[in-house]
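A.B. asks: Handing you a structure now.
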Amino acid sequence: MGADRLDGNGISGPAGGGAGAHPPDDREEVQANVRSARVAGTSYENEYRMLHRDGSFRWVLSHGRVVHDDSGTPQWFDGLLIDITARKLAEQALNASRQQMHTMTQNIPGIVFRALTNESRTMSYMSEAIESVVGWPAEAFLSGSKTLLEQTHPDDKADNLQKAYLSIAEHGGYDIEYRLQHRDGHYVWVWGRGITTYDAQGKPLWVDGIIMDISKRKMVESALDASQAQITSLVRSLPGIALRAIIKDNWPMQFISDAVEAFTGYPAAAFIHGDLNIATLVHPDDLSMLLPTVAQAVANRTTYSIEYRLRYRDGSYRWVWGRGTASYDAQGKALWIDAFILDIHERHAMESELREAHRIAEIAVQSKTSFLANMSHEIRTPMNAIIGFTELLLGTDLGQLQRRHMATVRQCARSLLGLLNNILDTAKLEKGAVELEHADFSLKALITEAADTQRLTAVSKGLELEVHYASTLPEFFKGDAMRVRQVLNNLLGNAVKFTHVGSVHVTAQLDWGVVLIAVTDTGIGIADDRIDKIFDPFSHADASMGRRFGGTGLGTTIARQLVELMDGQLHVESTLGVGSTFHLRLPLQPGQAVEPVHEMLLYELPGLRILAVDDMPQNLELLSLSLGHAGHRVTTATGGVEAMQAFQKQTFDVVLMDVQMPGVDGLEATRRIRQLELTRKLRPTPIVALTASVMSEERCATQAVGMDGFASKPIDLSQLIAEIARVMGIKLPDTEGTTAQTIRHDQSAAPAIDWERGIELWGSGATLGKTIRQFLDDNHSVPAQIDSLLERQDLEGARYLAHRMRGAAGNLCLQTLMHSSHVLEETLLSGYSEQARLAQKDVAAAMHAVDLALNDGHTEPAPLHTASAWPPAVSPQWHHMLRTMLNATQHNALDEGTQEQLAQALHNAGLGHRMAELESALMAFEFDTAQQLLETLFLELAPHSEEPTP
């Protein structure tokens with residue numbers, strides 16, 4: 001190419017690249033290079049584009065130098081232009097490829113490299129991402145100042161080299177995880193993969209690979225490993241089997257804890273590998289229950305919980321408890337069940353023992369109940385005969401010794417009956433078989449009556465017995481009056497029994513809507529360490545109480561149980577040697593006013609045809625005699641079959657049916673009778689159940705089979721007659737308007753000799769009078785003997801005589817003597833000899849009163865007198881005296897002036913024995929007895945048209 005011509009204005013011609021010869025982007029750079037070479041006097045070299053004739057640009061390489069003259073002035077350029085368009089296009093293509101590769105490697109989430117397989121493992125390429133992993137730039141590895149091997153963790157180098165060499169030798173790739181040290185010193189977990197390239201002869205040329213940062217994954221894995229280790233530790237420490245079972249045939253185990261070996265004797269691996277299955281170890285009797293339970297829980301998406309037995313390797317079974325929940329996929333398909341199995345064999349054994357113990361306890365309770373029911377029946381049944389026939393025998397002519405023995409039998413039988421009632425009350429309360437009534441009653445009258453019951457004993461001991469009923473406390477309440485009375489009788493009885501000097505006070509008031517009754521005494525008190533014991537069955541305040549005062553120790557137990565049954569509270573405050581206060585709190589509801597309840601009397605019933613059924617011949621004989629004497633015709637049957645035969649042959653007005661009998665018992669016999677009546681379309685015959693059982697279940701059973709009434713053994717004739725009247729619809733007379741003619745036995749029994757009751761027992765007044773005379777002759781020296789024994793401080797001997805006297809007086813219906821003997825006996829039991837002397841004088845006075853009554857010749861009750869039959873000395877002014885005395889006794893008061901006038905009048909009329917009886921009752925403060933005596937006198941001595949004012 002020819003030389004370019006130069007002038008002062010710059011380069012011209014081809015070498016200068018005139019205007020339009022170069023693209024604007026290249027012109028300035030070319031001119032600057034030429035200018036610089038001219039100034040420096042050096043050569044230049046430029047690559048630039050030239051416009052071709054066809055309008056395209058072609059790349060050229062321009063190489064030249066400046067030519068100077070002798071003076072050093074530049075004259076021209078000598079140069080060479082070479083077309084390098086092809087080379088430039090190749091370079092551009094290579095650069096584009098490199099840029100593409102660079103862009104791709106930079107966007108790959110990792111490091112891309114090429115390492116030659118020479119000894120130094122020279123890096124021919126390393127992506128810039130290496131810096132983000134190890135902190136060193138790619139240039140450090142390309143220059144050889146840093147290598148991947150020296151950055152590798154020492155523990156990982158040997159493994160990496162081994163795998164790399166092995167992959168090259170086997171013409172394969174490698175896949176490794178290792179740690180690279182960061183520039184700051186910490187290590188980064190990476191994953192590397194590489195493939196070797198070989199030449200035609202199989203010689204390795206380089207390794208192309210990728211390295212990825214897996215630190216986060218490793219952290220997650222480490223956390224998972226730690227979590228897994230924790231879970232594994234927890235699972236191992238759990239007292240049971242943790243498992244995951246896939247929901248498919250045979251329930252393969254995805255996981256099961258090692259604890260399974262302790263449960264079954266087989267290792268966990270046996271279940272994971274499918275050699276064993278939990279279901280195959282379940283007891284066959286339990287598997288049929290387990291599988292449906294699990295299937296239902298999976299279907300309902302609920303958790304199952306079940307107890308079953310697993311077979312151990314030695315063939316034994318252990319009880320386990322299993323609980324599990326299924327997991328589901330997005331479509332709701334059950335995938336697996338995560339479950340836990342707990343060994344409950346010991347607990348189950350304990351529960352079985354407890355259940356067995358509970359069953360035995362229930363059997364024991366039932367046995368106790370059955371025993372008590374049977375005991376009640378077995379004891380009450382013969383006692384029915386004992387008491388009944390004793391009463392009948394005492395009504396016949398007996399020798400003195402025989403009569404004394406029979407009276408002892410009767411008294412002991414009644415005492416045994418009282419003890420039996422207490423024991424049965426305790427049993428019923430423990431079982432919860434006591435049902436409370438909910439009726440209106442007068443609390444004021446109830447408390448007064450309870451106090452009056454103990455008044456005679458209290459007065460005989462010189463005690464003050466007072467009742468304080470608050471004016472703010474209503475009189476009428478709703479509740480079980482009988483049970484409240486039972487509690488009060490016990491508290492008052494104990495207060496009087498254990499008090500020898502001082503007083504007994506009963507206070508009743510309202511305390512925040514609750515009835516508060518306090519019984520306070522000045523008695524012997526209770527030691528602090530014994531207060532809690534007094535409510536225990538068969539317990540006393542101290543061990544000597546039972547010997548000194550008698551009693552079973554059941555009274556306070558029954559009282560507290562009854563109070564708690566009524567949702568009340570009973571507690572005691574006491575100081576030894578000072579006294580005690582029993583606080584009774586009852587949440588009684590307000591009630592309506594009620595009429596007073598009168599004592600049941602023995603009424604005359606029209607002659608009835610009675611079928612009496614009992615398997616005890618003695619009971620049948622007693623019923624025949626008692627009811628026969630009352631004018632009834634009694635047919636007897638010794639069992640249910642015989643009763644049915646008798647019922648089919650004749651008609652009866654009422655059936656008295658024993659409940660417990662061998663063979664066909666009373667319940668079955670009643671069913672057959674009712675069926676017979678239904679078949680023959682007969683009017684139902686009233687049936688009264690006779691039973692010695694006191695359990696409410698038996699009463700319910702009698703009602704269920706169609707019995708109409710219920711009477712307990714031993715038979716109380718008045719109650720039986722009243723029950724017969726009730727079931728037959730016979731209206732009994734009102735006791736308030738009843739006269740002496742309508743009552744078989746008059747309740748106005750005199751305190752000295754109860755002739756009415758005595759004749760009923762002994763058969764005739766003559767027999768009774770003869771027996772009483774014999775008693776007085778045999779025992780006239782007893783008061784003196786007692787006095788002598790008291791002088792010698794032989795309290796036990798004196799008590800024995802008082803006890804004998806009390807029993808004999810009761811058998812002979814000598815009421816005052818019986819009461820005074822009882823008071824003497826109780827006083828002697830308390831150990832107070834001074835008060836016993838006063839009580840002994842009362843016994844002597846009572847015996848004298850009996851002697852006076854007998855000497856007056858009244859061996860039978862005096863007939864009712866009319867005005868025309870008055871004794872000659874009786875005058876009408878007696879009306880005033882009798883009414884005045886009646887009014888005083890009704891208010892528990894004495895009118896000594898009127899009493900003296902009446903005594904003189906009766907003495908003048910030859911009725912001094914009647915006054916002796918009246919004075920004896922008044923001296924003992926037995927105002928009810930005195931009132932009855934005065935009413936009897938009024939009926940006998942007053943004009944026929946007059947009646948005493950109640």
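By order in the structure tokens, chains are A, B, ...; within a chain, residues start at 1; ligands start at 1, following the order shown.
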Got a sec: who's within 8 Å of Leu623 in chain A, counting only C-alpha atoms, leaving out chain neighbours fewer than 5 positions off, as a VMD selection string?

C.D. replies: chain A and resid 612 628 634

A.B. asks: Using only C-alpha atoms, which protein or nucleic acid residues come within 12 Å of Asp83 in chain A? Drop anything in the same chain fewer than 2 positions from it, and give the result as an mmCIF file with all heavy atoms, in the first residue's frame.

C.D. replies:
```
data_model
loop_
_atom_site.group_PDB
_atom_site.id
_atom_site.type_symbol
_atom_site.label_atom_id
_atom_site.label_comp_id
_atom_site.auth_asym_id
_atom_site.auth_seq_id
_atom_site.Cartn_x
_atom_site.Cartn_y
_atom_site.Cartn_z
ATOM 1 N N ASN A 46 -2.942 0.476 14.819
ATOM 2 C CA ASN A 46 -4.359 0.667 15.152
ATOM 3 C C ASN A 46 -5.205 -0.403 14.476
ATOM 4 O O ASN A 46 -4.886 -0.882 13.399
ATOM 5 C CB ASN A 46 -4.847 2.031 14.671
ATOM 6 C CG ASN A 46 -4.218 3.183 15.445
ATOM 7 O OD1 ASN A 46 -4.152 3.134 16.656
ATOM 8 N ND2 ASN A 46 -3.741 4.180 14.736
ATOM 9 N N GLU A 47 -6.280 -0.765 15.212
ATOM 10 C CA GLU A 47 -7.319 -1.617 14.607
ATOM 11 C C GLU A 47 -8.581 -0.784 14.564
ATOM 12 O O GLU A 47 -9.019 -0.239 15.590
ATOM 13 C CB GLU A 47 -7.537 -2.891 15.444
ATOM 14 C CG GLU A 47 -6.375 -3.857 15.375
ATOM 15 C CD GLU A 47 -6.651 -5.117 16.180
ATOM 16 O OE1 GLU A 47 -7.772 -5.216 16.802
ATOM 17 O OE2 GLU A 47 -5.805 -6.021 16.232
ATOM 18 N N TYR A 48 -9.147 -0.753 13.366
ATOM 19 C CA TYR A 48 -10.355 0.085 13.219
ATOM 20 C C TYR A 48 -11.108 -0.408 12.012
ATOM 21 O O TYR A 48 -10.645 -1.263 11.268
ATOM 22 C CB TYR A 48 -9.991 1.554 13.108
ATOM 23 C CG TYR A 48 -8.992 1.876 12.017
ATOM 24 C CD1 TYR A 48 -9.424 2.195 10.704
ATOM 25 C CD2 TYR A 48 -7.624 1.860 12.285
ATOM 26 C CE1 TYR A 48 -8.468 2.469 9.719
ATOM 27 C CE2 TYR A 48 -6.702 2.160 11.300
ATOM 28 C CZ TYR A 48 -7.139 2.470 10.016
ATOM 29 O OH TYR A 48 -6.221 2.753 9.047
ATOM 30 N N ARG A 49 -12.241 0.207 11.868
ATOM 31 C CA ARG A 49 -13.122 -0.195 10.767
ATOM 32 C C ARG A 49 -13.049 0.852 9.655
ATOM 33 O O ARG A 49 -13.030 2.040 9.918
ATOM 34 C CB ARG A 49 -14.564 -0.320 11.282
ATOM 35 C CG ARG A 49 -14.770 -1.517 12.179
ATOM 36 C CD ARG A 49 -16.077 -1.398 12.939
ATOM 37 N NE ARG A 49 -16.017 -0.312 13.927
ATOM 38 C CZ ARG A 49 -17.013 0.028 14.728
ATOM 39 N NH1 ARG A 49 -18.156 -0.638 14.664
ATOM 40 N NH2 ARG A 49 -16.869 1.032 15.578
ATOM 41 N N MET A 50 -13.104 0.320 8.389
ATOM 42 C CA MET A 50 -13.102 1.197 7.208
ATOM 43 C C MET A 50 -14.344 0.890 6.385
ATOM 44 O O MET A 50 -14.770 -0.255 6.275
ATOM 45 C CB MET A 50 -11.843 0.969 6.351
ATOM 46 C CG MET A 50 -10.555 1.401 7.054
ATOM 47 S SD MET A 50 -9.118 1.302 5.945
ATOM 48 C CE MET A 50 -9.504 2.625 4.783
ATOM 49 N N HIS A 52 -16.358 0.204 3.347
ATOM 50 C CA HIS A 52 -16.135 -0.449 2.066
ATOM 51 C C HIS A 52 -16.988 0.236 1.015
ATOM 52 O O HIS A 52 -17.987 0.891 1.343
ATOM 53 C CB HIS A 52 -16.489 -1.940 2.158
ATOM 54 C CG HIS A 52 -15.973 -2.761 1.035
ATOM 55 N ND1 HIS A 52 -16.696 -2.987 -0.114
ATOM 56 C CD2 HIS A 52 -14.788 -3.415 0.857
ATOM 57 C CE1 HIS A 52 -16.004 -3.725 -0.935
ATOM 58 N NE2 HIS A 52 -14.815 -4.018 -0.346
ATOM 59 N N PHE A 57 -18.620 -2.105 6.629
ATOM 60 C CA PHE A 57 -17.359 -1.801 7.296
ATOM 61 C C PHE A 57 -16.520 -3.048 7.377
ATOM 62 O O PHE A 57 -17.042 -4.150 7.604
ATOM 63 C CB PHE A 57 -17.611 -1.270 8.704
ATOM 64 C CG PHE A 57 -18.131 0.149 8.736
ATOM 65 C CD1 PHE A 57 -19.478 0.425 8.815
ATOM 66 C CD2 PHE A 57 -17.222 1.211 8.661
ATOM 67 C CE1 PHE A 57 -19.932 1.725 8.845
ATOM 68 C CE2 PHE A 57 -17.698 2.514 8.695
ATOM 69 C CZ PHE A 57 -19.061 2.785 8.777
ATOM 70 N N ARG A 58 -15.207 -2.787 7.175
ATOM 71 C CA ARG A 58 -14.286 -3.892 7.269
ATOM 72 C C ARG A 58 -13.212 -3.537 8.294
ATOM 73 O O ARG A 58 -12.782 -2.391 8.400
ATOM 74 C CB ARG A 58 -13.625 -4.211 5.924
ATOM 75 C CG ARG A 58 -14.631 -4.638 4.853
ATOM 76 C CD ARG A 58 -13.946 -5.065 3.594
ATOM 77 N NE ARG A 58 -13.254 -6.316 3.740
ATOM 78 C CZ ARG A 58 -13.823 -7.511 3.656
ATOM 79 N NH1 ARG A 58 -15.127 -7.603 3.422
ATOM 80 N NH2 ARG A 58 -13.110 -8.609 3.809
ATOM 81 N N TRP A 59 -12.838 -4.524 9.106
ATOM 82 C CA TRP A 59 -11.802 -4.315 10.119
ATOM 83 C C TRP A 59 -10.415 -4.421 9.467
ATOM 84 O O TRP A 59 -10.169 -5.322 8.666
ATOM 85 C CB TRP A 59 -11.923 -5.365 11.211
ATOM 86 C CG TRP A 59 -12.973 -5.035 12.263
ATOM 87 C CD1 TRP A 59 -14.208 -5.447 12.276
ATOM 88 C CD2 TRP A 59 -12.756 -4.211 13.367
ATOM 89 N NE1 TRP A 59 -14.883 -4.968 13.337
ATOM 90 C CE2 TRP A 59 -13.983 -4.162 14.061
ATOM 91 C CE3 TRP A 59 -11.696 -3.456 13.886
ATOM 92 C CZ2 TRP A 59 -14.181 -3.433 15.221
ATOM 93 C CZ3 TRP A 59 -11.901 -2.733 15.049
ATOM 94 C CH2 TRP A 59 -13.139 -2.725 15.725
ATOM 95 N N VAL A 60 -9.579 -3.427 9.814
ATOM 96 C CA VAL A 60 -8.213 -3.433 9.264
ATOM 97 C C VAL A 60 -7.232 -3.219 10.404
ATOM 98 O O VAL A 60 -7.594 -2.651 11.445
ATOM 99 C CB VAL A 60 -7.995 -2.343 8.196
ATOM 100 C CG1 VAL A 60 -8.869 -2.563 6.974
ATOM 101 C CG2 VAL A 60 -8.228 -0.961 8.786
ATOM 102 N N LEU A 61 -6.020 -3.729 10.201
ATOM 103 C CA LEU A 61 -4.920 -3.482 11.131
ATOM 104 C C LEU A 61 -3.970 -2.513 10.426
ATOM 105 O O LEU A 61 -3.427 -2.811 9.366
ATOM 106 C CB LEU A 61 -4.176 -4.780 11.470
ATOM 107 C CG LEU A 61 -2.883 -4.617 12.274
ATOM 108 C CD1 LEU A 61 -3.183 -4.027 13.652
ATOM 109 C CD2 LEU A 61 -2.178 -5.966 12.432
ATOM 110 N N SER A 62 -3.799 -1.320 10.947
ATOM 111 C CA SER A 62 -2.931 -0.286 10.358
ATOM 112 C C SER A 62 -1.664 -0.215 11.185
ATOM 113 O O SER A 62 -1.731 0.018 12.405
ATOM 114 C CB SER A 62 -3.651 1.066 10.363
ATOM 115 O OG SER A 62 -2.764 2.092 9.940
ATOM 116 N N HIS A 63 -0.496 -0.412 10.518
ATOM 117 C CA HIS A 63 0.795 -0.374 11.213
ATOM 118 C C HIS A 63 1.697 0.570 10.417
ATOM 119 O O HIS A 63 1.857 0.417 9.225
ATOM 120 C CB HIS A 63 1.420 -1.775 11.274
ATOM 121 C CG HIS A 63 2.693 -1.808 12.025
ATOM 122 N ND1 HIS A 63 2.759 -1.773 13.396
ATOM 123 C CD2 HIS A 63 3.995 -1.853 11.595
ATOM 124 C CE1 HIS A 63 4.009 -1.807 13.776
ATOM 125 N NE2 HIS A 63 4.817 -1.852 12.679
ATOM 126 N N LEU A 80 1.313 0.016 6.764
ATOM 127 C CA LEU A 80 0.769 -1.205 6.168
ATOM 128 C C LEU A 80 -0.662 -1.389 6.686
ATOM 129 O O LEU A 80 -0.936 -1.291 7.880
ATOM 130 C CB LEU A 80 1.625 -2.407 6.573
ATOM 131 C CG LEU A 80 1.149 -3.760 6.076
ATOM 132 C CD1 LEU A 80 1.248 -3.840 4.526
ATOM 133 C CD2 LEU A 80 2.002 -4.867 6.700
ATOM 134 N N LEU A 81 -1.578 -1.670 5.801
ATOM 135 C CA LEU A 81 -2.987 -1.959 6.181
ATOM 136 C C LEU A 81 -3.279 -3.431 5.896
ATOM 137 O O LEU A 81 -3.057 -3.901 4.786
ATOM 138 C CB LEU A 81 -3.954 -1.087 5.389
ATOM 139 C CG LEU A 81 -3.969 0.415 5.710
ATOM 140 C CD1 LEU A 81 -4.931 1.148 4.773
ATOM 141 C CD2 LEU A 81 -4.388 0.632 7.146
ATOM 142 N N THR A 85 -10.818 -8.485 9.087
ATOM 143 C CA THR A 85 -12.275 -8.632 9.333
ATOM 144 C C THR A 85 -12.614 -10.040 9.791
ATOM 145 O O THR A 85 -13.379 -10.248 10.755
ATOM 146 C CB THR A 85 -13.062 -8.293 8.071
ATOM 147 O OG1 THR A 85 -12.749 -6.934 7.692
ATOM 148 C CG2 THR A 85 -14.547 -8.455 8.281
ATOM 149 N N ALA A 86 -12.023 -11.039 9.144
ATOM 150 C CA ALA A 86 -12.343 -12.428 9.514
ATOM 151 C C ALA A 86 -11.924 -12.711 10.947
ATOM 152 O O ALA A 86 -12.640 -13.367 11.735
ATOM 153 C CB ALA A 86 -11.661 -13.389 8.551
ATOM 154 N N ARG A 87 -10.711 -12.213 11.285
ATOM 155 C CA ARG A 87 -10.255 -12.455 12.654
ATOM 156 C C ARG A 87 -11.165 -11.787 13.666
ATOM 157 O O ARG A 87 -11.502 -12.334 14.717
ATOM 158 C CB ARG A 87 -8.816 -11.935 12.805
ATOM 159 C CG ARG A 87 -8.110 -12.407 14.055
ATOM 160 C CD ARG A 87 -6.917 -11.522 14.361
ATOM 161 N NE ARG A 87 -7.375 -10.269 14.982
ATOM 162 C CZ ARG A 87 -6.570 -9.263 15.273
ATOM 163 N NH1 ARG A 87 -5.299 -9.321 14.957
ATOM 164 N NH2 ARG A 87 -7.039 -8.164 15.858
ATOM 165 N N LYS A 88 -11.586 -10.536 13.358
ATOM 166 C CA LYS A 88 -12.442 -9.794 14.267
ATOM 167 C C LYS A 88 -13.790 -10.472 14.447
ATOM 168 O O LYS A 88 -14.350 -10.518 15.561
ATOM 169 C CB LYS A 88 -12.629 -8.360 13.743
ATOM 170 C CG LYS A 88 -11.498 -7.429 14.111
ATOM 171 C CD LYS A 88 -11.498 -7.166 15.628
ATOM 172 C CE LYS A 88 -10.464 -6.145 16.045
ATOM 173 N NZ LYS A 88 -10.462 -5.940 17.482
ATOM 174 N N LEU A 89 -14.297 -11.000 13.370
ATOM 175 C CA LEU A 89 -15.592 -11.694 13.500
ATOM 176 C C LEU A 89 -15.458 -12.931 14.398
ATOM 177 O O LEU A 89 -16.326 -13.238 15.216
ATOM 178 C CB LEU A 89 -16.104 -12.099 12.119
ATOM 179 C CG LEU A 89 -16.560 -10.927 11.224
ATOM 180 C CD1 LEU A 89 -16.964 -11.440 9.828
ATOM 181 C CD2 LEU A 89 -17.728 -10.211 11.865
#
```

A.B. asks: Excluding same-chain residues fewer than 5 positions from Ile210 in chain A, what lies within 12 Å of it counting only C-alpha atoms, as number ranges by chain?

C.D. replies: A: 105-106, 108-115, 125-127, 129-130, 173-177, 190-195

A.B. asks: Would you mind exporting the chosen residues as a PDB file, in the first residue's frame, restricted to C-alpha atoms?

C.D. replies:
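Output file again.pdb follows:
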```
ATOM      1  CA  THR A 105     -22.096 -19.473  35.162  1.00  0.00           C
ATOM      2  CA  GLN A 106     -22.930 -16.363  37.121  1.00  0.00           C
ATOM      3  CA  ILE A 108     -25.906 -20.902  38.268  1.00  0.00           C
ATOM      4  CA  PRO A 109     -26.502 -21.183  42.094  1.00  0.00           C
ATOM      5  CA  GLY A 110     -23.002 -22.409  42.615  1.00  0.00           C
ATOM      6  CA  ILE A 111     -19.391 -22.280  41.530  1.00  0.00           C
ATOM      7  CA  VAL A 112     -18.377 -23.465  38.019  1.00  0.00           C
ATOM      8  CA  PHE A 113     -14.770 -24.377  37.404  1.00  0.00           C
ATOM      9  CA  ARG A 114     -12.407 -26.170  35.027  1.00  0.00           C
ATOM     10  CA  ALA A 115      -9.319 -27.713  36.490  1.00  0.00           C
ATOM     11  CA  TYR A 125     -11.713 -21.266  34.736  1.00  0.00           C
ATOM     12  CA  MET A 126     -13.369 -20.321  38.025  1.00  0.00           C
ATOM     13  CA  SER A 127     -16.660 -18.495  38.290  1.00  0.00           C
ATOM     14  CA  ALA A 129     -19.332 -17.114  42.763  1.00  0.00           C
ATOM     15  CA  ILE A 130     -16.342 -18.631  44.514  1.00  0.00           C
ATOM     16  CA  GLY A 173     -17.786 -38.578  37.838  1.00  0.00           C
ATOM     17  CA  TYR A 174     -17.558 -37.803  41.494  1.00  0.00           C
ATOM     18  CA  ASP A 175     -20.150 -36.510  43.956  1.00  0.00           C
ATOM     19  CA  ILE A 176     -18.869 -35.386  47.336  1.00  0.00           C
ATOM     20  CA  GLU A 177     -19.724 -33.195  50.335  1.00  0.00           C
ATOM     21  CA  VAL A 190     -20.245 -27.465  50.013  1.00  0.00           C
ATOM     22  CA  TRP A 191     -21.343 -30.095  47.600  1.00  0.00           C
ATOM     23  CA  GLY A 192     -19.124 -30.770  44.600  1.00  0.00           C
ATOM     24  CA  ARG A 193     -19.621 -32.708  41.414  1.00  0.00           C
ATOM     25  CA  GLY A 194     -17.167 -33.169  38.515  1.00  0.00           C
ATOM     26  CA  ILE A 195     -16.753 -34.935  35.173  1.00  0.00           C
TER      27      ILE A 195
END
```

A.B. asks: Identify, on the basis of only C-alpha atoms, every residue whose closest approach to Val34 in chain A does not exceed 10 Å; exclude the query and any residue fewer than 3 positions from it along the same chain; express the result as a ChimeraX atom specification.

C.D. replies: /A:10-11,15-16,29-31,37-40,42-46,63-66,77

A.B. asks: If you run DSSP on the backbone, which residues of range 125-204 of chain A are strand (DSSP E), as a list of chain:residue names?

C.D. replies: A:Tyr125, A:Met126, A:Gly173, A:Tyr174, A:Asp175, A:Ile176, A:Glu177, A:Tyr178, A:Arg179, A:Leu180, A:Gln181, A:Tyr187, A:Val188, A:Trp189, A:Val190, A:Trp191, A:Gly192, A:Arg193, A:Gly194, A:Ile195, A:Thr196, A:Thr197, A:Tyr198, A:Pro204

A.B. asks: Extract, using only C-alpha atoms, all DNA, RNA and protein residues at most 7 Å from range 580-589 of chain A, discarding same-chain residues fewer than 6 positions from it, and format them as a list of chain:residue names.

C.D. replies: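 That gives A:Phe477, A:Lys478, A:Gly479, A:Val514, A:Val515, A:Leu516, A:Ile517, A:Ala518, A:Val519, A:Thr520, A:Asp521, A:Thr522, A:Gly523, A:Gly525, A:Asp567, A:Gly568, A:Gln569, A:Leu570, A:His571, A:Val572, A:Glu573, A:Ser574.
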
A.B. asks: Within 8 Å of range 265-278 of chain A, counting only C-alpha atoms, which residues qualify if same-chain residues fewer than 5 places away don't, as JSON, numbers by chain?

C.D. replies: {"A": [250, 251, 252, 253, 254, 255, 256, 257, 258, 259, 260, 312, 313, 314]}

A.B. asks: Take CA of Gly639 in chain A and CA of Val409 in chain A and report the distance between them in Å, one decimal.

C.D. replies: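 Going from CA of Gly639 in chain A over to CA of Val409 in chain A, I get 28.8 Å.
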
A.B. asks: Would you work out the distance separating CA of Gly55 in chain A from CA of Ala32 in chain A, expressed in Å to one decimal?

C.D. replies: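 That distance, rounded to one decimal, is 25.2 Å.
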
A.B. asks: What gap, in Å, lies between CA of Ile341 in chain A and CA of Thr280 in chain A?

C.D. replies: 15.2 Å
